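Novice: Structure in structure tokens, see below.
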Amino acid sequence: MPNRIAQVDILLPTVNRLQSLVMTLAGVAGQSLPDVRVIVADQSDSPVRDDAVVQSLFRIIAARGGTVDTHHRVPSAGIAEQRQFLLEQATARAVLYLDDDVFM
């Protein structure tokens with residue numbers, strides 16, 4: 001659990017869509033609200049947090065005042081379970097579910 005509660009938790013499920021996830025994280029990194037916590041629930045074969053571009057985007061989000069939590073969760077239990085898991089991680093008063101193929 002983070003030391004402080006972010007203004008918005010962005011709940012981001014992903015599974016084997018690295019290129020789409022990179023686009024989504026780039027959009028998050030470019031937002032004007034810096035006080036966000038991105039929570040990634042990853043059911044990919046290889047953890048997305050190991051990718052150099054994803055790590056760079058995580059650092060950009062952090063440099064702007066946000067935080068990132070990643071959870072590599074295999075085997076896949078389906079999107080409904082992923083969304084429930086993400087909601088259980090949320091602590092902010094506002095949450096945004098963001099699919100891994102959406103550019104903000």
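Following the order of the structure tokens, chains are lettered A, B, ..., residues in each are numbered from 1, and ligands are numbered from 1.
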Tell me which protein, DNA and RNA residues are within 12 Å of Gln55 (chain A), counting only C-alpha atoms, leaving out same-chain ones fewer than 3 positions away, and put them as JSON, numbers by chain.

Specialist: {"A": [21, 22, 25, 26, 47, 48, 49, 50, 51, 52, 58, 59, 60, 61, 62, 68, 69, 70]}

Novice: Output N, CA and C atoms of each residue in that selection to a file, as a compact mmCIF listing (two decimals), in the first residue's frame.

Specialist:
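See part-v9.txt below for the written result:
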# COMPACT_ATOMS: atom_id res chain seq x y z
N LEU A 21 -0.09 -1.37 -24.78
CA LEU A 21 0.16 -0.89 -23.43
C LEU A 21 1.12 0.30 -23.45
N VAL A 22 2.15 0.24 -24.26
CA VAL A 22 3.11 1.35 -24.38
C VAL A 22 2.37 2.62 -24.81
N LEU A 25 0.30 3.87 -21.80
CA LEU A 25 1.14 4.48 -20.77
C LEU A 25 1.68 5.83 -21.22
N ALA A 26 2.00 5.97 -22.51
CA ALA A 26 2.46 7.26 -23.03
C ALA A 26 1.37 8.31 -22.88
N PRO A 47 6.39 -10.70 -18.02
CA PRO A 47 5.98 -9.48 -17.31
C PRO A 47 6.30 -8.22 -18.10
N VAL A 48 5.31 -7.35 -18.27
CA VAL A 48 5.52 -6.11 -19.01
C VAL A 48 6.50 -5.19 -18.29
N ARG A 49 6.61 -5.29 -16.99
CA ARG A 49 7.51 -4.41 -16.23
C ARG A 49 8.97 -4.64 -16.58
N ASP A 50 9.28 -5.75 -17.27
CA ASP A 50 10.65 -6.05 -17.67
C ASP A 50 11.04 -5.35 -18.97
N ASP A 51 10.08 -4.78 -19.69
CA ASP A 51 10.35 -4.13 -20.96
C ASP A 51 10.97 -2.75 -20.72
N ALA A 52 12.04 -2.43 -21.46
CA ALA A 52 12.77 -1.17 -21.27
C ALA A 52 11.89 0.05 -21.55
N PHE A 58 7.23 4.31 -16.94
CA PHE A 58 7.00 4.31 -15.49
C PHE A 58 7.82 5.42 -14.84
N ARG A 59 9.07 5.58 -15.28
CA ARG A 59 9.93 6.63 -14.71
C ARG A 59 9.40 8.03 -15.04
N ILE A 60 8.86 8.21 -16.23
CA ILE A 60 8.27 9.51 -16.59
C ILE A 60 7.08 9.80 -15.70
N ILE A 61 6.22 8.83 -15.51
CA ILE A 61 5.05 9.01 -14.63
C ILE A 61 5.52 9.38 -13.22
N ALA A 62 6.53 8.69 -12.72
CA ALA A 62 7.06 8.97 -11.39
C ALA A 62 7.70 10.36 -11.32
N VAL A 68 3.58 4.05 -9.76
CA VAL A 68 3.14 2.89 -10.54
C VAL A 68 3.31 1.64 -9.70
N ASP A 69 2.28 0.83 -9.64
CA ASP A 69 2.33 -0.49 -9.01
C ASP A 69 2.02 -1.52 -10.09
N THR A 70 2.85 -2.56 -10.18
CA THR A 70 2.58 -3.62 -11.16
C THR A 70 2.40 -4.94 -10.44

Novice: I need the residues in chain A that are alpha helix (DSSP H) according to DSSP; give them as a ChimeraX atom specification.

Specialist: /A:18-29,52-63,79-89

Novice: Which one is closest to Asp101 (chain A): A:Ala63, A:Met23, A:Val15, A:Val74? Count only C-alpha atoms.

Specialist: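 Nearest candidate to Asp101 (chain A) out of A:Ala63, A:Met23, A:Val15, A:Val74: A:Met23.
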
Novice: Write out as a list in words all residues of region 22-89 of chain A that DSSP puts in strand (DSSP E or B) for this structure's backbone.

Specialist: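 After running DSSP on the backbone, region 22-89 of chain A has strand (DSSP E or B) at Val36, Arg37, Val38, Ile39, Val40, Ala41, Asp42, Thr67, Val68, Asp69, Thr70, His71 and His72 of chain A.
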
Novice: If you keep N, CA and C atoms, can you produce a file of those selected residues as an mmCIF file, in the first residue's frame?

Specialist:
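As a result, selection_34.cif now contains:
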data_model
loop_
_atom_site.group_PDB
_atom_site.id
_atom_site.type_symbol
_atom_site.label_atom_id
_atom_site.label_comp_id
_atom_site.auth_asym_id
_atom_site.auth_seq_id
_atom_site.Cartn_x
_atom_site.Cartn_y
_atom_site.Cartn_z
ATOM 1 N N VAL A 36 -1.272 10.841 -9.731
ATOM 2 C CA VAL A 36 -1.998 9.617 -10.074
ATOM 3 C C VAL A 36 -1.186 8.411 -9.611
ATOM 4 N N ARG A 37 -1.890 7.338 -9.408
ATOM 5 C CA ARG A 37 -1.235 6.053 -9.178
ATOM 6 C C ARG A 37 -1.755 5.112 -10.256
ATOM 7 N N VAL A 38 -0.855 4.588 -11.052
ATOM 8 C CA VAL A 38 -1.199 3.634 -12.099
ATOM 9 C C VAL A 38 -1.009 2.240 -11.504
ATOM 10 N N ILE A 39 -2.057 1.446 -11.563
ATOM 11 C CA ILE A 39 -1.998 0.076 -11.054
ATOM 12 C C ILE A 39 -2.193 -0.849 -12.249
ATOM 13 N N VAL A 40 -1.148 -1.602 -12.570
ATOM 14 C CA VAL A 40 -1.168 -2.489 -13.725
ATOM 15 C C VAL A 40 -1.344 -3.924 -13.241
ATOM 16 N N ALA A 41 -2.384 -4.586 -13.720
ATOM 17 C CA ALA A 41 -2.584 -6.013 -13.489
ATOM 18 C C ALA A 41 -2.238 -6.712 -14.800
ATOM 19 N N ASP A 42 -1.136 -7.432 -14.800
ATOM 20 C CA ASP A 42 -0.539 -7.984 -16.011
ATOM 21 C C ASP A 42 -0.665 -9.506 -16.019
ATOM 22 N N THR A 67 2.826 7.526 -9.237
ATOM 23 C CA THR A 67 3.427 6.254 -8.832
ATOM 24 C C THR A 67 2.862 5.147 -9.711
ATOM 25 N N VAL A 68 3.585 4.045 -9.756
ATOM 26 C CA VAL A 68 3.143 2.891 -10.542
ATOM 27 C C VAL A 68 3.313 1.636 -9.695
ATOM 28 N N ASP A 69 2.278 0.828 -9.642
ATOM 29 C CA ASP A 69 2.329 -0.495 -9.010
ATOM 30 C C ASP A 69 2.019 -1.520 -10.088
ATOM 31 N N THR A 70 2.852 -2.558 -10.179
ATOM 32 C CA THR A 70 2.585 -3.615 -11.157
ATOM 33 C C THR A 70 2.397 -4.938 -10.444
ATOM 34 N N HIS A 71 1.515 -5.730 -10.996
ATOM 35 C CA HIS A 71 1.220 -7.056 -10.458
ATOM 36 C C HIS A 71 1.188 -8.036 -11.625
ATOM 37 N N HIS A 72 2.178 -8.929 -11.695
ATOM 38 C CA HIS A 72 2.180 -9.961 -12.732
ATOM 39 C C HIS A 72 1.382 -11.134 -12.187
#

Novice: Looking at A:Ile10, A:Leu57, A:Ile5, A:Ala77, which one is nearest to Asp99 (chain A), with distances taken over only C-alpha atoms?

Specialist: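 Among the listed residues, the smallest separation from Asp99 (chain A) belongs to A:Ile10.
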
Novice: Identify, on the basis of only C-alpha atoms, every residue whose closest approach to Arg83 (chain A) does not exceed 9 Å; exclude the query and any residue fewer than 6 positions from it along the same chain; express the result as a count of residues only.

Specialist: 5
